[in-house]
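Structure file input.cif (mmCIF, C-alpha atoms and all ligand atoms) is printed below.
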```cif
data_query
loop_
_atom_site.label_atom_id
_atom_site.label_comp_id
_atom_site.auth_asym_id
_atom_site.auth_seq_id
_atom_site.Cartn_x
_atom_site.Cartn_y
_atom_site.Cartn_z
CA MET C 276 45.80 144.49 127.80
CA LYS C 277 45.03 147.27 125.36
CA ASP C 278 43.92 145.15 122.40
CA THR C 279 41.94 141.98 121.87
CA PHE C 280 44.14 140.81 118.98
CA ILE C 281 47.59 141.17 117.53
CA GLU C 282 47.08 143.42 114.46
CA GLU C 283 43.76 144.54 115.93
CA TYR C 284 42.38 146.55 113.01
CA LYS C 285 43.46 144.09 110.30
CA THR C 286 42.01 141.19 112.29
CA LYS C 287 38.66 142.90 112.91
CA LEU C 288 38.41 143.78 109.23
CA ALA C 289 39.20 140.20 108.18
CA LEU C 290 36.67 138.92 110.74
CA SER C 291 33.95 141.23 109.39
CA GLU C 292 34.59 139.99 105.86
CA PHE C 293 34.58 136.38 107.06
CA ILE C 294 31.23 136.85 108.81
CA LEU C 295 29.66 138.58 105.81
CA SER C 296 30.81 135.88 103.41
CA SER C 297 30.01 132.81 105.56
CA ASN C 298 26.85 130.77 105.23
CA LYS C 299 27.53 128.84 108.41
CA LEU C 300 28.90 130.27 111.63
CA SER C 301 28.28 127.36 114.00
CA MET C 302 31.18 124.92 114.59
CA GLY C 303 32.56 123.68 111.28
CA ILE C 304 35.54 123.68 108.95
CA LYS C 305 37.40 126.66 110.46
CA CYS C 306 37.31 125.01 113.88
CA SER C 307 38.74 121.76 112.42
CA GLU C 308 41.42 123.66 110.52
CA PHE C 309 42.45 125.52 113.66
CA GLU C 310 42.55 122.24 115.60
CA LYS C 311 44.89 120.76 112.99
CA GLU C 312 47.18 123.79 112.92
CA PHE C 313 47.28 123.96 116.70
CA SER C 314 48.25 120.27 116.93
CA ILE C 315 51.14 120.98 114.58
CA TYR C 316 52.20 124.01 116.62
CA GLN C 317 52.01 122.13 119.92
CA GLY C 318 53.44 118.86 118.58
CA ARG C 319 50.47 116.74 119.70
CA LYS C 320 48.39 114.25 117.77
CA ASP C 321 44.97 115.82 118.43
CA SER C 322 43.47 119.11 119.51
CA ILE C 323 39.82 119.65 120.43
CA LEU C 324 38.56 123.26 120.40
CA PHE C 325 36.20 124.54 123.12
CA ASN C 326 34.39 127.78 123.89
CA SER C 327 36.73 128.56 126.83
CA GLY C 328 39.68 127.28 128.81
CA GLY C 329 37.34 126.56 131.73
CA SER C 330 35.18 124.43 129.42
CA ALA C 331 38.32 122.58 128.28
CA ASN C 332 39.11 121.74 131.93
CA LEU C 333 35.55 120.57 132.63
CA ALA C 334 35.41 118.47 129.46
CA LEU C 335 38.78 116.86 130.16
CA LEU C 336 37.77 115.70 133.64
CA GLN C 337 34.30 114.61 132.46
CA SER C 338 35.93 112.60 129.65
CA LEU C 339 38.31 110.86 132.05
CA LYS C 340 35.29 109.95 134.19
CA ASN C 341 33.25 108.74 131.20
CA LEU C 342 36.20 106.51 130.24
CA GLY C 343 36.36 105.12 133.79
CA ARG C 344 39.91 106.37 134.29
CA LEU C 345 38.68 108.62 137.10
CA LYS C 346 35.74 107.79 139.34
CA ASN C 347 33.49 109.31 141.98
CA ASN C 348 35.71 110.14 144.99
CA SER C 349 38.96 109.84 142.99
CA LYS C 350 41.59 112.02 144.60
CA VAL C 351 42.91 114.67 142.25
CA GLY C 352 45.96 116.70 143.29
CA PHE C 353 46.13 120.22 141.89
CA SER C 354 48.38 123.28 142.19
CA ALA C 355 47.34 125.33 145.24
CA LEU C 356 48.03 128.43 143.16
CA THR C 357 45.58 128.16 140.30
CA TRP C 358 42.41 129.42 138.70
CA SER C 359 38.88 128.65 139.94
CA THR C 360 37.82 126.61 136.92
CA ASN C 361 40.80 124.30 137.30
CA VAL C 362 39.53 123.09 140.69
CA MET C 363 35.77 123.56 140.39
CA PRO C 364 35.21 120.69 137.93
CA ILE C 365 37.01 118.30 140.28
CA ILE C 366 34.35 119.13 142.87
CA GLN C 367 31.46 119.39 140.38
CA LEU C 368 32.24 115.89 139.10
CA GLY C 369 32.19 114.33 142.57
CA MET C 370 35.93 113.91 143.04
CA GLU C 371 38.17 115.05 145.90
CA PRO C 372 40.51 117.99 145.24
CA ILE C 373 43.83 117.83 147.09
CA ALA C 374 45.94 121.00 147.04
CA LEU C 375 49.66 120.59 146.28
CA ASP C 376 51.97 123.31 147.51
CA CYS C 377 53.77 125.69 145.14
CA ASP C 378 57.38 126.73 145.59
CA PRO C 379 57.66 130.54 145.95
CA LYS C 380 60.95 130.40 144.02
CA THR C 381 59.29 128.95 140.89
CA LEU C 382 55.57 129.71 141.58
CA ASN C 383 54.88 126.06 140.74
CA VAL C 384 54.41 122.59 142.16
CA MET C 385 57.86 120.95 142.14
CA SER C 386 58.59 117.23 142.27
CA LYS C 387 59.73 117.59 145.89
CA ASN C 388 56.25 118.88 146.85
CA ILE C 389 54.34 115.86 145.65
CA ILE C 390 55.86 112.59 146.79
CA ASP C 391 54.59 112.71 150.39
CA VAL C 392 51.10 113.80 149.38
CA ILE C 393 50.85 111.19 146.62
CA ASP C 394 51.90 108.40 148.94
CA ASN C 395 50.04 109.49 152.09
CA LEU C 396 46.76 110.38 150.39
CA ASN C 397 46.84 107.88 147.51
CA LEU C 398 46.23 110.32 144.70
CA ASP C 399 44.66 109.02 141.48
CA ALA C 400 45.59 111.99 139.30
CA ILE C 401 47.45 115.28 139.32
CA PHE C 402 46.09 118.28 137.45
CA LEU C 403 48.97 120.76 137.42
CA THR C 404 48.74 124.43 136.52
CA ASN C 405 51.77 125.90 134.78
CA VAL C 406 51.63 129.28 136.51
CA LEU C 407 52.04 132.54 134.51
CA GLY C 408 54.30 130.81 131.94
CA PHE C 409 56.58 129.34 134.60
CA THR C 410 56.53 125.61 135.27
CA GLY C 411 57.70 123.05 137.78
CA ASP C 412 60.27 120.37 136.98
CA LEU C 413 57.73 118.64 134.74
CA ASP C 414 60.10 115.89 133.58
CA LYS C 415 60.66 114.73 137.18
CA ILE C 416 56.98 115.07 138.06
CA LYS C 417 56.08 112.93 135.05
CA GLU C 418 58.58 110.26 136.15
CA ILE C 419 57.03 110.18 139.63
CA CYS C 420 53.49 109.89 138.22
CA ASP C 421 54.48 107.21 135.68
CA ALA C 422 56.19 105.12 138.36
CA ARG C 423 52.99 105.15 140.45
CA ASN C 424 50.49 104.87 137.60
CA ILE C 425 48.98 108.24 138.40
CA ILE C 426 47.31 110.25 135.64
CA LEU C 427 49.13 113.52 134.96
CA ILE C 428 47.25 116.30 133.18
CA GLU C 429 48.34 119.90 132.69
CA ASP C 430 46.43 123.17 132.76
CA ASN C 431 48.65 125.08 130.34
CA CYS C 432 46.24 128.01 129.96
CA GLU C 433 48.93 130.42 131.18
CA ALA C 434 52.02 128.84 129.60
CA LEU C 435 51.46 128.33 125.87
CA GLY C 436 54.94 128.24 124.31
CA SER C 437 57.07 127.54 127.40
CA ILE C 438 59.66 124.78 127.01
CA VAL C 439 61.02 122.48 129.74
CA SER C 440 63.76 119.86 129.24
CA GLY C 441 63.42 120.05 125.48
CA LYS C 442 59.65 119.61 125.44
CA LYS C 443 56.78 122.13 125.32
CA SER C 444 54.84 122.58 128.53
CA GLY C 445 51.47 120.95 128.00
CA ASN C 446 53.14 117.90 126.45
CA TYR C 447 54.07 116.16 129.69
CA GLY C 448 50.63 114.97 130.71
CA LEU C 449 48.11 112.63 129.12
CA ALA C 450 46.34 115.80 127.98
CA SER C 451 46.56 119.52 128.55
CA THR C 452 44.29 122.54 128.35
CA PHE C 453 44.73 126.03 126.88
CA SER C 454 42.79 129.30 127.05
CA PHE C 455 42.43 131.81 124.24
CA PHE C 456 40.69 134.45 126.32
CA VAL C 457 41.87 138.02 125.73
CA ALA C 458 45.31 138.68 127.27
CA HIS C 459 46.40 135.05 126.98
CA HIS C 460 49.23 134.24 124.54
CA MET C 461 46.74 134.29 121.71
CA SER C 462 43.13 135.43 121.72
CA THR C 463 40.00 134.21 119.99
CA ILE C 464 37.99 136.54 122.33
CA GLU C 465 36.78 133.46 124.23
CA GLY C 466 38.12 129.97 123.48
CA GLY C 467 40.01 126.98 124.79
CA MET C 468 41.66 123.77 123.63
CA VAL C 469 42.54 120.31 124.88
CA THR C 470 45.49 118.51 123.29
CA THR C 471 46.28 114.83 123.65
CA ASP C 472 47.91 111.87 121.87
CA ASP C 473 45.34 109.42 123.29
CA ASN C 474 42.76 108.25 120.71
CA ASP C 475 40.04 107.18 123.17
CA LEU C 476 40.32 110.43 125.07
CA GLU C 477 40.15 112.47 121.84
CA GLU C 478 36.98 110.64 120.82
CA MET C 479 35.37 111.13 124.23
CA LEU C 480 36.30 114.83 124.34
CA ARG C 481 34.49 115.38 121.03
CA MET C 482 31.37 113.70 122.44
CA VAL C 483 31.53 115.53 125.77
CA ARG C 484 31.88 118.84 123.90
CA SER C 485 28.67 118.21 122.01
CA ASN C 486 25.84 116.75 124.09
CA GLY C 487 27.30 113.24 124.22
CA TRP C 488 26.44 112.51 120.57
CA ASP C 489 28.77 111.17 117.87
CA ARG C 490 28.28 113.74 115.08
CA ASN C 491 31.79 115.14 115.31
CA LEU C 492 33.61 111.81 115.31
CA ASN C 493 35.33 110.36 112.25
CA SER C 494 33.61 107.57 110.29
CA ASP C 495 35.55 104.73 111.97
CA GLN C 496 34.71 106.08 115.42
CA LYS C 497 31.03 106.49 114.47
CA PHE C 498 30.86 102.96 113.06
CA LYS C 499 32.36 101.50 116.24
CA ILE C 500 30.13 103.35 118.69
CA ARG C 501 26.94 102.77 116.70
CA LYS C 502 27.72 99.06 116.45
CA THR C 503 28.35 98.85 120.21
CA HIS C 504 25.00 100.49 120.95
CA ASN C 505 23.06 98.87 118.14
CA ILE C 506 22.18 102.16 116.42
CA LEU C 507 21.30 100.95 112.96
CA SER C 508 20.37 104.04 110.95
CA GLU C 509 21.77 107.51 110.28
CA PHE C 510 18.34 108.83 111.28
CA ASP C 511 18.50 107.23 114.76
CA SER C 512 22.07 108.34 115.24
CA LYS C 513 21.08 112.01 115.01
CA TYR C 514 19.61 111.97 118.50
CA SER C 515 21.58 109.15 120.11
CA PHE C 516 23.44 110.33 123.22
CA TYR C 517 26.16 107.90 124.27
CA ASP C 518 27.66 109.44 127.38
CA LEU C 519 27.49 112.47 129.68
CA GLY C 520 28.22 115.71 127.89
CA TYR C 521 27.50 119.42 127.60
CA ASN C 522 27.30 122.01 124.89
CA LEU C 523 30.81 123.52 125.09
CA ARG C 524 31.18 124.14 121.37
CA PRO C 525 33.09 127.04 119.86
CA THR C 526 31.79 128.88 116.79
CA GLU C 527 33.39 129.37 113.39
CA ILE C 528 34.41 132.81 114.66
CA THR C 529 36.63 131.07 117.24
CA GLY C 530 38.15 128.87 114.53
CA PHE C 531 38.70 131.78 112.15
CA LEU C 532 40.34 133.91 114.84
CA GLY C 533 42.48 131.00 116.03
CA LEU C 534 43.89 130.44 112.55
CA ASN C 535 44.44 134.16 112.14
CA GLN C 536 46.15 134.76 115.51
CA LEU C 537 48.25 131.58 115.41
CA LYS C 538 50.32 133.30 112.70
CA TYR C 539 51.46 135.90 115.24
CA LEU C 540 51.94 133.54 118.17
CA ASN C 541 55.71 133.14 118.00
CA GLU C 542 56.22 136.88 117.60
CA ASN C 543 53.86 137.53 120.52
CA ILE C 544 55.70 135.07 122.76
CA LYS C 545 59.12 136.49 121.82
CA LYS C 546 58.03 140.00 122.79
CA ARG C 547 56.60 138.77 126.11
CA ASN C 548 59.89 137.01 126.82
CA SER C 549 61.93 140.12 126.03
CA ASN C 550 59.59 142.27 128.19
CA HIS C 551 60.23 139.81 131.02
CA LEU C 552 63.99 140.16 130.68
CA VAL C 553 63.74 143.97 130.73
CA LEU C 554 61.56 144.01 133.86
CA ASN C 555 63.46 141.25 135.62
CA SER C 556 66.73 143.18 135.23
CA VAL C 557 65.33 145.65 137.80
CA VAL C 558 64.08 142.90 140.13
CA VAL C 559 67.46 141.16 140.37
CA ASP C 560 69.02 144.41 141.61
CA ASN C 561 66.32 145.03 144.20
CA THR C 562 66.81 143.22 147.53
CA ASP C 563 63.13 143.81 148.44
CA LEU C 564 62.02 141.52 145.62
CA GLN C 565 62.53 137.94 144.61
CA SER C 566 63.16 137.03 141.01
CA ILE C 567 61.46 133.81 139.84
CA ASN C 568 63.82 130.94 139.13
CA TYR C 569 63.24 129.22 135.80
CA ASP C 570 66.68 127.67 135.32
CA HIS C 571 65.02 124.29 134.66
CA GLN C 572 63.09 125.78 131.71
CA ASP C 573 64.64 126.10 128.25
CA PHE C 574 62.27 128.90 127.39
CA LEU C 575 59.87 131.13 129.30
CA SER C 576 56.66 132.20 127.58
CA PRO C 577 55.29 134.62 130.16
CA PHE C 578 51.60 135.31 130.70
CA ALA C 579 52.15 138.18 133.16
CA PHE C 580 54.96 139.66 135.25
CA PRO C 581 55.02 138.38 138.85
CA VAL C 582 56.15 140.72 141.62
CA VAL C 583 57.16 138.64 144.64
CA CYS C 584 58.12 140.69 147.72
CA LYS C 585 60.06 139.43 150.70
CA SER C 586 57.30 140.41 153.16
CA ALA C 587 53.69 141.56 153.20
CA GLU C 588 54.76 144.99 154.41
CA ILE C 589 57.11 145.38 151.44
CA LYS C 590 54.29 144.21 149.16
CA ASN C 591 52.12 147.08 150.38
CA PHE C 592 54.82 149.52 149.37
CA TYR C 593 55.09 148.13 145.81
CA PHE C 594 51.31 147.77 145.58
CA ASN C 595 51.11 151.54 146.19
CA GLN C 596 53.89 152.22 143.68
CA PHE C 597 51.99 150.40 140.92
CA SER C 598 48.58 151.82 141.89
CA GLY C 599 50.02 155.33 142.14
CA ALA C 600 51.52 155.05 138.64
CA GLY C 601 48.18 153.86 137.24
CA VAL C 602 49.50 150.36 136.39
CA GLU C 603 46.80 147.72 136.83
CA ILE C 604 47.83 144.84 139.07
CA ARG C 605 46.12 141.58 140.03
CA PRO C 606 46.40 139.11 142.93
CA MET C 607 48.67 136.09 142.33
CA ILE C 608 45.89 134.22 140.50
CA ALA C 609 43.46 133.01 143.17
CA GLY C 610 46.13 132.80 145.91
CA ASN C 611 46.11 129.58 147.92
CA ILE C 612 42.76 128.55 146.50
CA GLN C 613 41.89 126.58 149.63
CA PHE C 614 40.94 129.93 151.21
CA GLN C 615 38.43 130.83 148.51
CA PRO C 616 34.80 130.72 149.72
CA PHE C 617 33.72 128.04 147.22
CA TYR C 618 36.57 125.76 148.29
CA LYS C 619 35.80 126.07 151.99
CA LYS C 620 32.15 125.33 151.23
CA TYR C 621 32.71 122.16 149.23
CA SER C 622 36.03 120.55 150.01
CA LYS C 623 36.57 118.27 152.97
CA TYR C 624 40.37 118.07 152.69
CA SER C 625 42.81 120.85 153.39
CA THR C 626 46.57 120.49 153.09
CA SER C 627 49.31 122.69 154.43
CA CYS C 628 50.70 124.89 151.64
CA PRO C 629 53.17 127.37 153.16
CA GLY C 630 54.65 128.24 149.75
CA ALA C 631 51.26 129.19 148.32
CA ASP C 632 50.44 131.09 151.55
CA PHE C 633 53.64 133.10 151.19
CA LEU C 634 52.75 133.97 147.60
CA THR C 635 49.17 134.89 148.53
CA SER C 636 50.29 137.49 151.05
CA ASN C 637 53.51 138.72 149.43
CA SER C 638 52.95 138.86 145.70
CA PHE C 639 50.87 140.21 142.83
CA TYR C 640 51.31 140.51 139.07
CA CYS C 641 51.06 143.09 136.34
CA GLY C 642 50.42 142.63 132.64
CA ASN C 643 53.07 141.47 130.19
CA TYR C 644 51.81 141.60 126.64
CA PRO C 645 53.29 142.42 123.25
CA GLY C 646 51.63 145.85 123.04
CA LEU C 647 53.74 147.22 125.93
CA SER C 648 55.80 150.13 124.56
CA THR C 649 59.27 151.15 125.72
CA SER C 650 57.69 153.94 127.77
CA ASP C 651 55.15 151.51 129.31
CA LEU C 652 58.07 149.28 130.31
CA GLU C 653 59.90 152.31 131.78
CA ILE C 654 56.87 153.10 133.96
CA ILE C 655 56.77 149.51 135.25
CA LYS C 656 60.55 149.48 135.79
CA ASN C 657 60.23 152.60 137.93
CA CYS C 658 57.52 150.94 140.03
CA LEU C 659 59.91 148.02 140.65
CA LYS C 660 62.78 150.19 141.83
CA LYS C 661 63.81 150.33 145.45
CA TYR C 662 63.70 153.84 146.88
C1 LIG Y 701 45.27 128.48 134.85
C2 LIG Y 701 43.97 128.80 134.18
N1 LIG Y 701 43.12 127.80 133.91
C3 LIG Y 701 41.94 128.03 133.31
C4 LIG Y 701 41.57 129.31 132.94
C5 LIG Y 701 40.22 129.51 132.32
O1 LIG Y 701 40.28 130.00 131.01
P1 LIG Y 701 39.02 130.76 130.39
O2 LIG Y 701 39.01 132.15 130.95
O3 LIG Y 701 39.30 130.74 128.92
O4 LIG Y 701 37.82 129.99 130.76
C6 LIG Y 701 42.41 130.38 133.22
C7 LIG Y 701 42.01 131.75 132.86
O5 LIG Y 701 42.74 132.70 132.87
C8 LIG Y 701 43.64 130.13 133.85
O6 LIG Y 701 44.50 131.11 134.15
#
```
Can you dump the structure from the file as structure tokens?
Amino acid sequence: MKDTFIEEYKTKLALSEFILSSNKLSMGIKCSEFEKEFSIYQGRKDSILFNSGGSANLALLQSLKNLGRLKNNSKVGFSALTWSTNVMPIIQLGMEPIALDCDPKTLNVMSKNIIDVIDNLNLDAIFLTNVLGFTGDLDKIKEICDARNIILIEDNCEALGSIVSGKKSGNYGLASTFSFFVAHHMSTIEGGMVTTDDNDLEEMLRMVRSNGWDRNLNSDQKFKIRKTHNILSEFDSKYSFYDLGYNLRPTEITGFLGLNQLKYLNENIKKRNSNHLVLNSVVVDNTDLQSINYDHQDFLSPFAFPVVCKSAEIKNFYFNQFSGAGVEIRPMIAGNIQFQPFYKKYSKYSTSCPGADFLTSNSFYCGNYPGLSTSDLEIIKNCLKKY
């Protein structure tokens, strides 16, 4: 990623002016305005802004525990191919992570991967990652979870703007998380969001974000919680802490940048999608590589371009092609995360995930962002060609 923002110079200039003219830079009106605009964009009732996507994941799981919907030792299924801070809070909060396999054809957990695990291991929740903008068959997964009363939540940090069966990814679960770190679909430098339609969860997320106090709740919510806990004065309420929380607050800079960059989001996503089509046209003609199937999606909002090779030996060849051309590549997120040192240290369960294993050894990704020029795309296309 060459730039932090779309319209880098204009945005930095506007940010400088905003900082110079603002009396208050800690969380305030710009954060609330961005939350409202983001809810409209995503088509969700509420959005709660955080200082990172990882914080959004932690706060979401802590909130579900505070509400008693998840408990110590609850079993939480998650996509074997994911990011560290999707899984770590499951462990940090005393729950059991259970890896769900990902299909190499879609990069994602598919409905067919979950039924046996749900029924054999009695899962309480599933925290899916929508990988690199691709998704599983979320409508079918939701049906399975609903039928068994299992909480479904989505880590949509890599898939802002993707659409599946007529609905945006991130709108299938009870709540979903987003990241606005540089190189994601929109950047606030650091930043994250949780969206939900659930009033109790929204209220709890605002308390978890801010020390467990009620200062960021609306007046009805404050009245209710103070009455429940017999907090009689505004003075006492200042330092009343109702449930377990952290300081995961964003700043007004996050809110300002979110509002600013949201204006370019659709344009950004469109360019990423067209980059994908250009690069994928080479992959479909190359028998060494496997193109990712997203027939079940109405729209792909890519985060990066996955290069899936048919064997590890072939991967080495393409790895050298990219490295030799000076194109930065990354592992397929954290690979099958069960092999990461932290996971082996803390988790007692391991499940067989041959799909995620295949992707760990045979794939990598390169950047796909709106700033890629025609000549940048040509360089990547050449790296993808079979010689
Ligand atoms: C799937 C997924 N979840 C969570 C995160 C964490 O987001 P952040 O870097 O904003 O903490 C990332 C980061 O890239 C991610 O890819």
List every residue of chain C that has an atom at most 8 Å from any atom of ligand LIG 701 (chain Y), giving for each one its closest atom pair and the distance in Å to one decimal, counting all atoms listed in the file, sorted by chain and then by ascending residue number, as CSV.
```
residue,atom,partner,partner_atom,distance
C:Asn326,CA,Y:LIG701,O3,7.6
C:Ser327,CA,Y:LIG701,O3,4.0
C:Gly328,CA,Y:LIG701,O3,3.5
C:Gly329,CA,Y:LIG701,O4,3.6
C:Ser330,CA,Y:LIG701,O4,6.3
C:Ala331,CA,Y:LIG701,O4,7.8
C:Asn332,CA,Y:LIG701,C3,7.0
C:Thr357,CA,Y:LIG701,C1,5.5
C:Trp358,CA,Y:LIG701,C2,4.8
C:Ser359,CA,Y:LIG701,C3,7.3
C:Thr360,CA,Y:LIG701,C3,5.7
C:Asn361,CA,Y:LIG701,N1,5.4
C:Thr404,CA,Y:LIG701,C1,5.6
C:Asn405,CA,Y:LIG701,C1,7.0
C:Val406,CA,Y:LIG701,C1,6.6
C:Leu407,CA,Y:LIG701,O6,7.7
C:Asp430,CA,Y:LIG701,N1,5.8
C:Asn431,CA,Y:LIG701,C1,6.6
C:Cys432,CA,Y:LIG701,C2,4.9
C:Glu433,CA,Y:LIG701,O6,5.4
C:Thr452,CA,Y:LIG701,N1,7.7
C:Phe453,CA,Y:LIG701,O1,7.3
C:Ser454,CA,Y:LIG701,O3,4.2
C:Phe455,CA,Y:LIG701,O3,5.7
C:Phe456,CA,Y:LIG701,O3,4.7
C:His459,CA,Y:LIG701,O5,7.3
C:Glu465,CA,Y:LIG701,O3,6.0
C:Gly466,CA,Y:LIG701,O3,5.6
C:Gly467,CA,Y:LIG701,O3,5.6
C:Ile608,CA,Y:LIG701,O6,7.2
```
>> My list of candidates is C:Asp563, C:Asp421, C:Asp376, C:Glu477. Which is closest to Glu310 in chain C when distances are computed with only C-alpha atoms?
In response: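 Ranked by minimum distance to Glu310 in chain C, first place goes to C:Glu477.
Note that the spacing between CA of Leu339 in chain C and CA of Tyr521 in chain C amounts to 14.5 Å.
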For the point (50.9, 108.7, 141.2) in the file's frame, write as an mmCIF file with C-alpha atoms, in the coordinates of the input all residues with an atom no more than 12 Å away, counting only C-alpha atoms.
```
data_model
loop_
_atom_site.group_PDB
_atom_site.id
_atom_site.type_symbol
_atom_site.label_atom_id
_atom_site.label_comp_id
_atom_site.auth_asym_id
_atom_site.auth_seq_id
_atom_site.Cartn_x
_atom_site.Cartn_y
_atom_site.Cartn_z
ATOM 1 C CA LYS C 350 41.590 112.020 144.600
ATOM 2 C CA VAL C 351 42.910 114.670 142.250
ATOM 3 C CA GLY C 352 45.960 116.700 143.290
ATOM 4 C CA SER C 386 58.590 117.230 142.270
ATOM 5 C CA ILE C 389 54.340 115.860 145.650
ATOM 6 C CA ILE C 390 55.860 112.590 146.790
ATOM 7 C CA ASP C 391 54.590 112.710 150.390
ATOM 8 C CA VAL C 392 51.100 113.800 149.380
ATOM 9 C CA ILE C 393 50.850 111.190 146.620
ATOM 10 C CA ASP C 394 51.900 108.400 148.940
ATOM 11 C CA ASN C 395 50.040 109.490 152.090
ATOM 12 C CA LEU C 396 46.760 110.380 150.390
ATOM 13 C CA ASN C 397 46.840 107.880 147.510
ATOM 14 C CA LEU C 398 46.230 110.320 144.700
ATOM 15 C CA ASP C 399 44.660 109.020 141.480
ATOM 16 C CA ALA C 400 45.590 111.990 139.300
ATOM 17 C CA ILE C 401 47.450 115.280 139.320
ATOM 18 C CA PHE C 402 46.090 118.280 137.450
ATOM 19 C CA ILE C 416 56.980 115.070 138.060
ATOM 20 C CA LYS C 417 56.080 112.930 135.050
ATOM 21 C CA GLU C 418 58.580 110.260 136.150
ATOM 22 C CA ILE C 419 57.030 110.180 139.630
ATOM 23 C CA CYS C 420 53.490 109.890 138.220
ATOM 24 C CA ASP C 421 54.480 107.210 135.680
ATOM 25 C CA ALA C 422 56.190 105.120 138.360
ATOM 26 C CA ARG C 423 52.990 105.150 140.450
ATOM 27 C CA ASN C 424 50.490 104.870 137.600
ATOM 28 C CA ILE C 425 48.980 108.240 138.400
ATOM 29 C CA ILE C 426 47.310 110.250 135.640
ATOM 30 C CA LEU C 427 49.130 113.520 134.960
ATOM 31 C CA ILE C 428 47.250 116.300 133.180
#
```
> Which one is closest to Pro525 in chain C: C:Leu554, C:Leu368, C:Met468, C:Leu413? Count all atoms listed in the file.
Replying inline: C:Met468
Kindly compute an axis-aligned box around the listed atoms of range 627-633 of chain C, allowing 5 Å on each side, and express its centre and edge lengths in Å to one decimal as lines of an AutoDock Vina configuration file.
```
center_x = 52.0
center_y = 127.9
center_z = 151.4
size_x = 15.3
size_y = 20.4
size_z = 16.1
```
> Which one is closest to Ser627 in chain C: C:Lys311, C:Ile373, C:Phe516, C:Thr279? Count all atoms listed in the file.
Replying inline: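 Nearest candidate to Ser627 in chain C out of C:Lys311, C:Ile373, C:Phe516, C:Thr279: C:Ile373.
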> Nearest to Tyr447 in chain C among C:Arg319, C:Arg524, C:Arg501, C:His460, with distances taken over all atoms listed in the file: which residue is it?
Replying inline: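 Of all the options, C:Arg319 lies closest to Tyr447 in chain C.
Candidate residues C:Asn446, C:Asn555, C:Asn298, C:Thr626 were compared for distance to Ala374 in chain C, and the nearest is C:Thr626, using all atoms listed in the file.
Among the candidate residues C:Phe639, C:Phe580, C:Tyr316, C:Trp488, the one lying nearest to Asn548 in chain C is C:Phe580, with distances computed using only C-alpha atoms.
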> Separation of CA of Ile544 in chain C and CA of Ser576 in chain C, in Å?
Replying inline: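 The value is 5.7 Å.
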> What does the distance from CA of Leu552 in chain C to CA of Asp570 in chain C come to in Å, to one decimal?
Replying inline: 13.6 Å
>> Quick one: residues within 8 Å of Met276 in chain C, all atoms listed in the file, excluding same-chain residues fewer than 3 positions away - as a PyMOL selection string?
In response: chain C and resi 279+457-458+642+644+646
>> Using only C-alpha atoms - which residues lie no farther than 7 Å from the point (58.2, 145.5, 142.8) in the file's frame? Write them as a ChimeraX atom specification.
In response: /C:558,564,582,584,593,658-660
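Using all atoms listed in the file, the residues found no farther than 9 Å from Cys306 in chain C, other than those of its own chain fewer than 6 positions away, are Ile323, Leu324, Pro525, Thr526, Glu527, Ile528, Thr529, Gly530, Phe531, Gly533 and Leu534 of chain C.
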>> So that I can check the surroundings of Ile366 in chain C, please list as a VMD selection string every protein, DNA and RNA residue that reaches within 8 Å of it, counting only C-alpha atoms and ignoring chain neighbours fewer than 6 positions away.
In response: chain C and resid 372 621 to 622
>> Which residues are near range 335-338 of chain C? Cut-off 7 Å, all atoms listed in the file, ignore same chain within fewer than 3 positions. Put them as a list in words.
In response: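 Returned residues: Ala331, Asn332, Asn341, Leu342, Leu476, Met479, Leu480 and Val483 of chain C.
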Take the structure in the block and write a file for range 421-429 of chain C, N, CA and C atoms, as a PDB file, in the first residue's frame.
```pdb
ATOM      1  N   ASP C 421     -29.070 -20.608  13.351  1.00  0.00           N
ATOM      2  CA  ASP C 421     -30.391 -20.253  13.890  1.00  0.00           C
ATOM      3  C   ASP C 421     -31.139 -21.504  14.354  1.00  0.00           C
ATOM      4  N   ALA C 422     -31.054 -22.564  13.538  1.00  0.00           N
ATOM      5  CA  ALA C 422     -31.794 -23.790  13.870  1.00  0.00           C
ATOM      6  C   ALA C 422     -31.282 -24.415  15.162  1.00  0.00           C
ATOM      7  N   ARG C 423     -30.015 -24.155  15.503  1.00  0.00           N
ATOM      8  CA  ARG C 423     -29.438 -24.769  16.712  1.00  0.00           C
ATOM      9  C   ARG C 423     -29.257 -23.769  17.852  1.00  0.00           C
ATOM     10  N   ASN C 424     -29.755 -22.538  17.635  1.00  0.00           N
ATOM     11  CA  ASN C 424     -29.603 -21.514  18.670  1.00  0.00           C
ATOM     12  C   ASN C 424     -28.146 -21.194  18.997  1.00  0.00           C
ATOM     13  N   ILE C 425     -27.342 -21.153  17.969  1.00  0.00           N
ATOM     14  CA  ILE C 425     -25.913 -20.851  18.160  1.00  0.00           C
ATOM     15  C   ILE C 425     -25.684 -19.399  17.741  1.00  0.00           C
ATOM     16  N   ILE C 426     -24.919 -18.673  18.540  1.00  0.00           N
ATOM     17  CA  ILE C 426     -24.634 -17.271  18.193  1.00  0.00           C
ATOM     18  C   ILE C 426     -23.695 -17.235  16.991  1.00  0.00           C
ATOM     19  N   LEU C 427     -24.072 -16.463  15.976  1.00  0.00           N
ATOM     20  CA  LEU C 427     -23.178 -16.262  14.829  1.00  0.00           C
ATOM     21  C   LEU C 427     -22.690 -14.817  14.859  1.00  0.00           C
ATOM     22  N   ILE C 428     -21.362 -14.650  14.834  1.00  0.00           N
ATOM     23  CA  ILE C 428     -20.792 -13.299  14.701  1.00  0.00           C
ATOM     24  C   ILE C 428     -19.754 -13.345  13.580  1.00  0.00           C
ATOM     25  N   GLU C 429     -19.551 -12.193  12.941  1.00  0.00           N
ATOM     26  CA  GLU C 429     -18.661 -12.150  11.779  1.00  0.00           C
ATOM     27  C   GLU C 429     -17.509 -11.178  11.998  1.00  0.00           C
TER      28      GLU C 429
END
```
